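Student: What follows is the file protein.txt, containing compact mmCIF, C-alpha atoms:
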# COMPACT_ATOMS: atom_id res chain seq x y z
CA MET A 239 2.86 -10.76 -9.09
CA GLU A 240 4.66 -9.11 -6.20
CA TYR A 241 2.69 -6.54 -4.18
CA ARG A 242 4.26 -3.62 -2.36
CA ARG A 243 3.10 -0.93 0.01
CA LEU A 244 2.54 2.41 -1.66
CA GLY A 245 5.08 4.48 0.23
CA THR A 246 4.36 4.16 3.93
CA SER A 247 0.60 3.87 3.40
CA GLY A 248 -1.35 0.68 3.99
CA LEU A 249 -2.33 0.38 0.32
CA LYS A 250 -0.80 -2.65 -1.42
CA VAL A 251 -0.10 -2.14 -5.13
CA PRO A 252 1.31 -4.54 -7.74
CA ALA A 253 4.95 -4.17 -8.73
CA LEU A 254 3.68 -3.57 -12.27
CA SER A 255 0.67 -1.38 -12.97
CA PHE A 256 -0.99 -0.54 -16.26
CA GLY A 257 -0.95 2.92 -17.82
CA ALA A 258 -4.05 3.73 -19.83
CA GLY A 259 -2.48 6.52 -21.86
CA THR A 260 -3.07 4.43 -24.99
CA PHE A 261 -6.83 4.36 -24.36
CA GLY A 262 -8.94 6.74 -26.43
CA GLY A 263 -6.39 8.01 -28.94
CA ARG A 264 -7.49 11.62 -29.30
CA GLY A 265 -5.11 14.41 -30.32
CA PRO A 266 -1.62 14.42 -31.87
CA LEU A 267 0.24 13.21 -28.77
CA PHE A 268 -2.15 10.59 -27.41
CA GLY A 269 -3.21 9.49 -30.87
CA ALA A 270 0.44 8.55 -31.45
CA TRP A 271 0.53 6.66 -28.16
CA GLY A 272 -2.36 4.41 -29.12
CA THR A 273 -6.01 4.23 -30.15
CA THR A 274 -7.31 1.46 -27.91
CA ASP A 275 -11.11 1.29 -27.93
CA GLY A 276 -13.48 -0.20 -25.36
CA ARG A 277 -13.36 -3.78 -26.63
CA GLU A 278 -9.57 -3.84 -26.87
CA ALA A 279 -9.24 -2.17 -23.48
CA ARG A 280 -11.38 -4.78 -21.81
CA ARG A 281 -9.18 -7.52 -23.28
CA LEU A 282 -6.04 -5.81 -21.97
CA VAL A 283 -7.62 -5.42 -18.53
CA ASP A 284 -8.51 -9.14 -18.60
CA ILE A 285 -4.86 -10.04 -19.24
CA CYS A 286 -3.66 -7.68 -16.52
CA LEU A 287 -6.00 -9.11 -13.90
CA ASP A 288 -5.04 -12.66 -14.84
CA ALA A 289 -1.39 -11.68 -14.29
CA GLY A 290 -2.07 -9.94 -10.96
CA ILE A 291 -1.89 -6.36 -12.27
CA THR A 292 -4.69 -4.67 -10.36
CA MET A 293 -3.77 -0.97 -10.60
CA PHE A 294 -4.68 1.11 -13.63
CA ASP A 295 -3.40 4.64 -14.08
CA THR A 296 -4.90 7.39 -16.23
CA ALA A 297 -5.44 11.16 -16.21
CA ASP A 298 -8.10 13.63 -17.28
CA VAL A 299 -5.75 15.13 -19.87
CA TYR A 300 -5.17 11.77 -21.60
CA SER A 301 -7.11 12.04 -24.86
CA ALA A 302 -9.19 14.88 -23.36
CA GLY A 303 -10.99 12.54 -20.95
CA ALA A 304 -11.44 9.65 -23.37
CA SER A 305 -8.85 7.51 -21.56
CA GLU A 306 -10.86 7.69 -18.33
CA GLU A 307 -14.04 6.87 -20.24
CA VAL A 308 -12.55 3.82 -21.96
CA LEU A 309 -10.98 2.60 -18.72
CA GLY A 310 -14.30 3.01 -16.96
CA GLU A 311 -15.98 0.81 -19.55
CA ALA A 312 -13.20 -1.77 -19.34
CA ILE A 313 -13.49 -2.21 -15.55
CA LYS A 314 -17.29 -2.15 -15.43
CA GLY A 315 -18.61 -5.00 -13.31
CA ARG A 316 -15.31 -5.57 -11.52
CA ARG A 317 -14.63 -2.28 -9.78
CA ASP A 318 -13.94 -4.09 -6.52
CA ARG A 319 -11.02 -5.96 -8.12
CA VAL A 320 -9.06 -2.93 -9.32
CA ILE A 321 -7.19 0.09 -8.01
CA VAL A 322 -7.97 3.18 -10.07
CA SER A 323 -5.41 5.97 -10.22
CA THR A 324 -6.01 9.21 -12.07
CA LYS A 325 -4.50 12.69 -12.23
CA ALA A 326 -5.68 16.26 -12.65
CA GLY A 327 -4.19 19.74 -12.89
CA LEU A 328 -2.90 20.09 -16.44
CA PRO A 329 -4.96 22.22 -18.86
CA MET A 330 -8.21 20.70 -20.10
CA GLY A 331 -9.23 23.82 -22.02
CA ASP A 332 -8.41 27.45 -22.68
CA GLY A 333 -10.58 28.94 -19.96
CA PRO A 334 -9.15 30.48 -16.77
CA GLY A 335 -10.61 27.68 -14.64
CA ASP A 336 -9.59 24.82 -16.93
CA ALA A 337 -6.17 24.19 -15.38
CA GLY A 338 -4.38 24.21 -12.06
CA SER A 339 -5.16 23.06 -8.54
CA SER A 340 -7.55 25.65 -7.16
CA ARG A 341 -10.33 24.38 -4.91
CA SER A 342 -12.85 24.95 -7.69
CA ARG A 343 -10.73 23.19 -10.28
CA LEU A 344 -9.95 20.16 -8.11
CA ILE A 345 -13.54 19.59 -7.07
CA THR A 346 -14.71 19.87 -10.67
CA ALA A 347 -11.89 17.65 -11.93
CA CYS A 348 -12.69 14.98 -9.37
CA GLU A 349 -16.41 15.00 -10.16
CA ASP A 350 -15.68 14.81 -13.89
CA ALA A 351 -13.26 11.92 -13.38
CA LEU A 352 -15.79 10.01 -11.28
CA ARG A 353 -18.39 10.43 -14.02
CA ARG A 354 -16.08 9.38 -16.84
CA LEU A 355 -14.74 6.39 -14.90
CA GLY A 356 -18.23 5.31 -13.88
CA THR A 357 -17.33 4.99 -10.21
CA ASP A 358 -18.14 6.70 -6.93
CA TYR A 359 -14.57 6.78 -5.60
CA ILE A 360 -11.00 7.09 -6.85
CA ASP A 361 -8.37 4.99 -5.10
CA LEU A 362 -5.46 7.34 -5.84
CA PHE A 363 -5.98 10.95 -6.93
CA GLN A 364 -2.81 12.75 -8.00
CA LEU A 365 -1.88 16.29 -8.90
CA HIS A 366 -0.39 16.09 -12.40
CA ALA A 367 1.91 19.08 -11.81
CA PHE A 368 2.66 21.73 -9.20
CA ASP A 369 0.47 24.83 -9.46
CA ALA A 370 2.57 27.84 -8.43
CA GLY A 371 -0.44 30.14 -8.69
CA THR A 372 -2.57 28.51 -5.97
CA PRO A 373 -1.66 28.56 -2.26
CA ILE A 374 -0.61 25.12 -1.10
CA GLU A 375 -2.96 25.48 1.89
CA GLU A 376 -5.90 25.81 -0.51
CA VAL A 377 -4.79 22.79 -2.54
CA LEU A 378 -4.39 20.53 0.48
CA SER A 379 -7.61 21.68 2.10
CA ALA A 380 -9.58 20.87 -1.07
CA LEU A 381 -7.95 17.47 -1.42
CA ASP A 382 -8.57 16.69 2.24
CA ASP A 383 -12.26 17.50 1.76
CA LEU A 384 -12.42 15.05 -1.15
CA VAL A 385 -10.89 12.34 1.04
CA ARG A 386 -13.26 13.05 3.92
CA ALA A 387 -16.20 12.96 1.52
CA GLY A 388 -15.21 9.44 0.45
CA LYS A 389 -14.62 10.42 -3.16
CA VAL A 390 -10.86 9.86 -2.93
CA ARG A 391 -9.00 7.34 -0.77
CA TYR A 392 -5.32 8.21 -1.23
CA LEU A 393 -3.48 11.27 -2.54
CA GLY A 394 -0.38 11.62 -4.67
CA ILE A 395 1.61 14.02 -6.78
CA SER A 396 3.37 13.84 -10.11
CA ASN A 397 6.30 15.73 -11.60
CA PHE A 398 6.95 17.83 -8.47
CA SER A 399 10.40 19.12 -7.59
CA GLY A 400 11.87 18.21 -4.23
CA TRP A 401 11.10 21.53 -2.55
CA GLN A 402 7.54 21.54 -3.88
CA ALA A 403 6.86 18.09 -2.47
CA ALA A 404 8.62 18.78 0.84
CA LYS A 405 6.79 22.06 1.42
CA SER A 406 3.44 20.45 0.60
CA LEU A 407 4.07 17.61 3.05
CA ALA A 408 5.11 20.05 5.78
CA ILE A 409 1.94 22.11 5.34
CA ALA A 410 -0.20 18.96 5.35
CA GLU A 411 1.37 17.97 8.66
CA LYS A 412 0.95 21.47 10.10
CA TYR A 413 -2.78 21.58 9.43
CA GLY A 414 -3.57 17.89 9.85
CA HIS A 415 -4.51 17.37 6.21
CA THR A 416 -4.23 14.06 4.39
CA ARG A 417 -0.63 13.51 3.26
CA TYR A 418 0.59 12.49 -0.15
CA VAL A 419 1.72 8.86 -0.26
CA ALA A 420 2.87 8.59 -3.87
CA HIS A 421 4.96 10.50 -6.37
CA GLN A 422 4.53 9.57 -10.02
CA VAL A 423 7.89 10.27 -11.64
CA TYR A 424 9.92 9.79 -14.77
CA TYR A 425 12.69 7.28 -14.10
CA SER A 426 14.56 5.01 -16.49
CA LEU A 427 18.00 3.68 -17.32
CA ILE A 428 18.47 6.71 -19.58
CA GLY A 429 16.87 9.16 -17.14
CA ARG A 430 18.17 8.75 -13.58
CA ASP A 431 17.77 12.36 -12.36
CA TYR A 432 15.10 11.10 -9.94
CA GLU A 433 17.88 9.62 -7.80
CA TRP A 434 19.59 12.92 -6.98
CA ASP A 435 16.87 14.63 -4.94
CA LEU A 436 13.46 12.99 -5.22
CA MET A 437 14.56 9.50 -4.21
CA PRO A 438 16.14 10.64 -0.91
CA LEU A 439 13.01 12.71 -0.29
CA GLY A 440 10.83 9.67 -0.96
CA LEU A 441 12.80 7.58 1.52
CA ASP A 442 12.69 10.28 4.17
CA GLN A 443 9.02 11.17 3.76
CA GLY A 444 7.53 7.82 2.81
CA LEU A 445 6.57 8.65 -0.77
CA GLY A 446 6.29 5.60 -2.99
CA ALA A 447 7.46 6.12 -6.57
CA LEU A 448 5.12 5.23 -9.40
CA VAL A 449 7.40 5.17 -12.41
CA TRP A 450 6.16 6.51 -15.72
CA SER A 451 7.90 5.91 -19.06
CA PRO A 452 10.24 3.18 -17.77
CA LEU A 453 11.44 2.65 -21.35
CA GLY A 454 12.66 6.22 -21.73
CA TRP A 455 9.84 7.55 -23.90
CA GLY A 456 10.03 4.53 -26.21
CA ARG A 457 13.80 4.59 -26.68
CA LEU A 458 14.46 1.34 -24.77
CA THR A 459 12.22 -0.91 -26.84
CA GLY A 460 15.19 -2.51 -28.59
CA LYS A 461 14.22 -0.89 -31.89
CA VAL A 462 16.33 2.28 -31.53
CA ARG A 463 19.88 1.34 -32.47
CA ARG A 464 23.25 2.92 -33.13
CA GLY A 465 23.80 3.62 -36.84
CA ARG A 466 20.24 2.75 -37.84
CA PRO A 467 17.40 5.07 -38.84
CA LEU A 468 14.44 5.36 -36.51
CA PRO A 469 11.90 2.68 -37.48
CA ASP A 470 8.96 4.00 -39.50
CA THR A 471 6.55 2.65 -36.89
CA SER A 472 8.23 4.39 -33.93
CA ARG A 473 6.02 6.88 -32.13
CA LEU A 474 9.13 9.00 -31.57
CA HIS A 475 8.57 10.48 -35.03
CA HIS A 476 5.54 12.25 -33.52
CA THR A 477 6.23 12.47 -29.79
CA ALA A 478 9.99 12.98 -29.30
CA ASP A 479 9.61 16.69 -28.57
CA TYR A 480 7.06 16.03 -25.82
CA GLY A 481 9.20 13.72 -23.74
CA PRO A 482 12.42 13.88 -21.71
CA PRO A 483 15.51 14.38 -23.90
CA VAL A 484 18.54 12.11 -23.98
CA GLU A 485 21.88 12.39 -25.77
CA ASP A 486 22.41 9.81 -28.49
CA ASP A 487 25.79 8.66 -27.14
CA HIS A 488 24.34 8.05 -23.70
CA LEU A 489 21.36 6.18 -25.14
CA TYR A 490 23.49 3.88 -27.27
CA ARG A 491 25.89 3.19 -24.41
CA VAL A 492 22.96 2.00 -22.29
CA VAL A 493 21.49 -0.03 -25.15
CA ASP A 494 24.86 -1.74 -25.67
CA ALA A 495 24.88 -2.76 -21.99
CA LEU A 496 21.29 -3.97 -22.25
CA ASP A 497 22.26 -6.07 -25.27
CA GLU A 498 24.99 -7.76 -23.24
CA VAL A 499 22.60 -8.53 -20.39
CA ALA A 500 19.98 -9.75 -22.87
CA GLN A 501 22.44 -12.30 -24.22
CA GLU A 502 23.20 -13.48 -20.69
CA THR A 503 19.59 -13.73 -19.51
CA GLY A 504 17.62 -14.57 -22.63
CA ARG A 505 15.33 -11.64 -21.82
CA ASN A 506 14.55 -8.75 -24.13
CA ILE A 507 15.62 -5.14 -23.61
CA PRO A 508 12.30 -3.78 -22.26
CA GLN A 509 12.06 -6.61 -19.72
CA ILE A 510 15.59 -5.94 -18.48
CA ALA A 511 15.05 -2.18 -18.26
CA ILE A 512 11.87 -2.65 -16.21
CA ASN A 513 13.40 -5.33 -13.99
CA TRP A 514 16.29 -2.98 -13.15
CA LEU A 515 13.79 -0.35 -12.00
CA LEU A 516 11.99 -2.85 -9.76
CA ARG A 517 15.20 -3.26 -7.76
CA ARG A 518 15.56 0.47 -7.08
CA PRO A 519 14.82 2.14 -3.71
CA THR A 520 11.39 3.77 -3.18
CA VAL A 521 9.87 2.20 -6.30
CA SER A 522 6.40 0.94 -5.40
CA SER A 523 5.20 0.20 -8.93
CA VAL A 524 6.40 0.56 -12.51
CA ILE A 525 3.69 1.69 -14.91
CA ILE A 526 3.75 -0.25 -18.16
CA GLY A 527 1.78 0.69 -21.25
CA ALA A 528 0.78 -1.35 -24.26
CA ARG A 529 -0.93 -0.64 -27.55
CA ASN A 530 -1.83 -4.29 -28.02
CA GLU A 531 -1.87 -7.70 -26.37
CA GLU A 532 1.57 -8.68 -27.67
CA GLN A 533 3.26 -5.65 -26.12
CA LEU A 534 1.50 -6.23 -22.82
CA ARG A 535 2.50 -9.89 -22.60
CA GLN A 536 6.11 -9.00 -23.39
CA ASN A 537 6.17 -6.40 -20.61
CA LEU A 538 4.74 -8.94 -18.18
CA GLY A 539 7.97 -10.88 -18.67
CA ALA A 540 9.77 -8.22 -16.62
CA VAL A 541 8.75 -9.91 -13.36
CA GLY A 542 9.37 -13.32 -11.85
CA TRP A 543 13.14 -13.22 -12.17
CA THR A 544 16.05 -11.12 -10.92
CA LEU A 545 19.14 -9.57 -12.44
CA THR A 546 22.42 -10.70 -10.90
CA PRO A 547 24.56 -8.20 -8.96
CA GLY A 548 27.06 -8.23 -11.82
CA GLN A 549 24.38 -7.44 -14.38
CA ILE A 550 23.02 -4.63 -12.23
CA ALA A 551 26.52 -3.21 -11.88
CA LYS A 552 26.98 -3.31 -15.65
CA LEU A 553 23.73 -1.39 -16.22
CA ASP A 554 24.56 1.06 -13.42
CA ALA A 555 27.95 1.81 -14.95
CA ALA A 556 26.56 2.38 -18.43
CA SER A 557 23.66 4.55 -17.30
CA GLY A 558 25.25 6.57 -14.50
CA ARG A 559 25.75 10.31 -14.97
CA THR A 560 27.60 12.93 -12.96
CA ALA A 561 25.15 14.62 -10.63
CA PRO A 562 24.77 18.42 -10.75
CA TYR A 563 25.55 20.81 -7.91
CA PRO A 564 24.91 20.57 -4.98
CA TYR A 565 25.01 16.78 -5.26
CA PHE A 566 28.42 16.87 -6.93
CA PRO A 567 31.32 17.30 -6.17
CA TYR A 568 30.51 16.91 -2.50
CA GLN A 569 29.12 13.41 -2.93
CA ARG A 570 32.69 12.20 -3.52
CA GLN A 571 34.32 14.03 -0.64
CA GLU A 572 34.72 11.96 2.50
CA GLY A 573 33.31 14.50 4.95
CA PHE A 574 30.14 15.10 2.95
CA ALA A 575 29.77 11.40 2.15
CA ARG A 576 29.77 10.57 5.86
CA LEU A 577 26.93 13.03 6.43
CA ASN A 578 24.99 12.01 3.31
CA PRO A 579 25.56 8.33 2.55
CA PRO A 580 24.36 7.02 -0.82
CA VAL A 581 20.84 5.69 -1.13
CA VAL A 582 21.12 1.92 -0.98
CA ALA A 583 17.92 0.90 0.79
CA PRO A 584 15.98 -1.97 -0.80
CA PRO A 585 12.69 -1.24 -2.57
CA PRO A 586 9.53 -1.46 -0.47
CA ALA A 587 8.08 -4.94 -0.24
CA GLY A 588 5.34 -6.76 1.54
Write the structure described by the file as structure tokens, please.
Tutor:
Amino acid sequence: MEYRRLGTSGLKVPALSFGAGTFGGRGPLFGAWGTTDGREARRLVDICLDAGITMFDTADVYSAGASEEVLGEAIKGRRDRVIVSTKAGLPMGDGPGDAGSSRSRLITACEDALRRLGTDYIDLFQLHAFDAGTPIEEVLSALDDLVRAGKVRYLGISNFSGWQAAKSLAIAEKYGHTRYVAHQVYYSLIGRDYEWDLMPLGLDQGLGALVWSPLGWGRLTGKVRRGRPLPDTSRLHHTADYGPPVEDDHLYRVVDALDEVAQETGRNIPQIAINWLLRRPTVSSVIIGARNEEQLRQNLGAVGWTLTPGQIAKLDAASGRTAPYPYFPYQRQEGFARLNPPVVAPPPAG
């Protein structure tokens, strides 16, 4: 397994990390993702560790806390071998203090996560969404206190817009608070919006991308095909409305290109889609999920090999979309292109 720095921090993370959204299985959304119990989770963690996957990502909102509980059981006795990443901020109840990033909410969320995970520190604590109702100064001060208390070691964000992340980083610098080092984002061959604003921001500010849903909300499994009905077993029957949308024509165009590369490489579609992401700038780790051992072992086949430049170009051409204003049309005009060259930096390594 390749290990990379998380942004410009000193934390080394595996190129693939494991998403524990399938652990617990409570509620309509997360029940459709998976219903992995403690015994199954421990087996999946065993396989991950054997393969060099040491980072495990969860959130308080996953199965109403059950994901953190099951993960905590699965890593018991080997806490020193793993990197635990969790998130907070989305609603955990209907009460006025059950959502957001207020000082009170963050302290409570952190304490609850520590209890459910069965640990006394969290390696990476991330805000699950931007809270427009709480002053950023309050958010950063509370998070900084958690770091100074030793309960959290690194900070990150998830699903922020560019201006929200940039403003937060500027305020952290102004007051000397702990900076964010990671941004957990949606990024896939059928969802490349991350590249227009957030990727340049990540390069400029040293934010490492932790990629969620690298298979486009289950659409790049190889089972969703042009002219065929959605398989009965697909979770998209229950979860399509929750995830990022994609036009059918665009999806099938990308799948066709993936099929061509699959024939050339002997790899399957999910492995190719994940491998493409691992070559992208700012990507520190791609979060893979699995409902069972077979899915996990297949996803592990995404590393240890490299797409050729020609194959990358084929996937780029099939998946590329015209950027919105202000990134287009100026990106194609010589004067603007000289001032804002395309992002071509290699992914972080080390």
Student: Set the distance at 10 Å and use all atoms listed in the file: which residues neighbour Arg529 (chain A) once local chain neighbours fewer than 6 positions away are removed? I'd like the list as a list in words.
Tutor: Ala258, Gly259, Thr260, Phe261, Trp271, Gly272, Thr273, Thr274, Glu278, Ala279 and Leu282 of chain A
Student: Residues near region 552-569 of chain A, anyone? I mean within 8 Å using only C-alpha atoms, not counting same-chain ones fewer than 5 positions away, as a PyMOL selection string.
Tutor: chain A and resi 427-428+430-431+434+488+491-492+495-496+574-575+578
Student: Could you jot down the CA of Asp288 (chain A) to CA of Val541 (chain A) separation for me, Å, one decimal place?
Tutor: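 Computed distance, CA of Asp288 (chain A) to CA of Val541 (chain A), equals 14.1 Å.
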Student: Between A:Thr546, A:Thr357, A:Ser255, A:Ser340, which is the closest to Ile526 (chain A) once you count all atoms listed in the file?
Tutor: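 Nearest to Ile526 (chain A): A:Ser255.
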Student: In Å, rounded to a single decimal, give me how far CA of Arg242 (chain A) is from CA of Leu538 (chain A).
Tutor: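 Result for CA of Leu538 (chain A) versus CA of Arg242 (chain A): 16.7 Å, one decimal.
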Student: Nearest residue to Gly327 (chain A) out of A:Leu439, A:Leu445, A:Ile345, A:Leu254, using all atoms listed in the file?
Tutor: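 Going through A:Leu439, A:Leu445, A:Ile345, A:Leu254 one by one, the smallest distance to Gly327 (chain A) is for A:Ile345.
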Student: Nearest to Ser426 (chain A) among A:Ala528, A:Leu309, A:Ile291, A:Val449, with distances taken over all atoms listed in the file: which residue is it?
Tutor: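 The answer is A:Val449, which sits nearest to Ser426 (chain A).
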Student: If I take CA of Leu384 (chain A) and CA of Cys286 (chain A), how far is one from the other in Å, to one decimal?
Tutor: 28.8 Å
Student: Excluding region 417-424 of chain A and residues on its chain fewer than 4 positions from it, collect all residues at most 9 Å away from it, counting only C-alpha atoms, and give them as a PyMOL selection string.
Tutor: chain A and resi 244-247+362+364+366+378+382+392-398+403+406-407+410-411+429-432+436+440+443-452+454+482+522
Student: Where's the centre, and what are the edge lengths in Å to one decimal, of a box along x, y and z enclosing all listed atoms of region 483-501 of chain A padded 3 Å per side, as JSON?
Tutor:
{"center_x": 20.7, "center_y": 1.0, "center_z": -24.4, "size_x": 16.4, "size_y": 32.7, "size_z": 14.1}
Student: In the coordinate frame of the file, compute which residues have an atom within 10 Å of (-16.2, -1.2, -16.5) when using all atoms listed in the file, and state them as a PDB file with C-alpha atoms, in the coordinates of the input.
Tutor:
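Just written: part-v4.pdb:
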ATOM      1  CA  GLY A 276     -13.480  -0.200 -25.360  1.00  0.00           C
ATOM      2  CA  ALA A 279      -9.240  -2.170 -23.480  1.00  0.00           C
ATOM      3  CA  ARG A 280     -11.380  -4.780 -21.810  1.00  0.00           C
ATOM      4  CA  VAL A 283      -7.620  -5.420 -18.530  1.00  0.00           C
ATOM      5  CA  GLU A 307     -14.040   6.870 -20.240  1.00  0.00           C
ATOM      6  CA  VAL A 308     -12.550   3.820 -21.960  1.00  0.00           C
ATOM      7  CA  LEU A 309     -10.980   2.600 -18.720  1.00  0.00           C
ATOM      8  CA  GLY A 310     -14.300   3.010 -16.960  1.00  0.00           C
ATOM      9  CA  GLU A 311     -15.980   0.810 -19.550  1.00  0.00           C
ATOM     10  CA  ALA A 312     -13.200  -1.770 -19.340  1.00  0.00           C
ATOM     11  CA  ILE A 313     -13.490  -2.210 -15.550  1.00  0.00           C
ATOM     12  CA  LYS A 314     -17.290  -2.150 -15.430  1.00  0.00           C
ATOM     13  CA  GLY A 315     -18.610  -5.000 -13.310  1.00  0.00           C
ATOM     14  CA  ARG A 316     -15.310  -5.570 -11.520  1.00  0.00           C
ATOM     15  CA  ARG A 317     -14.630  -2.280  -9.780  1.00  0.00           C
ATOM     16  CA  LEU A 355     -14.740   6.390 -14.900  1.00  0.00           C
ATOM     17  CA  GLY A 356     -18.230   5.310 -13.880  1.00  0.00           C
ATOM     18  CA  THR A 357     -17.330   4.990 -10.210  1.00  0.00           C
TER      19      THR A 357
END
Student: Which residue is closest to Gly338 (chain A)? Choose from A:Asp497, A:Glu433, A:Asp383, A:Glu376 and count all atoms listed in the file.
Tutor: A:Glu376
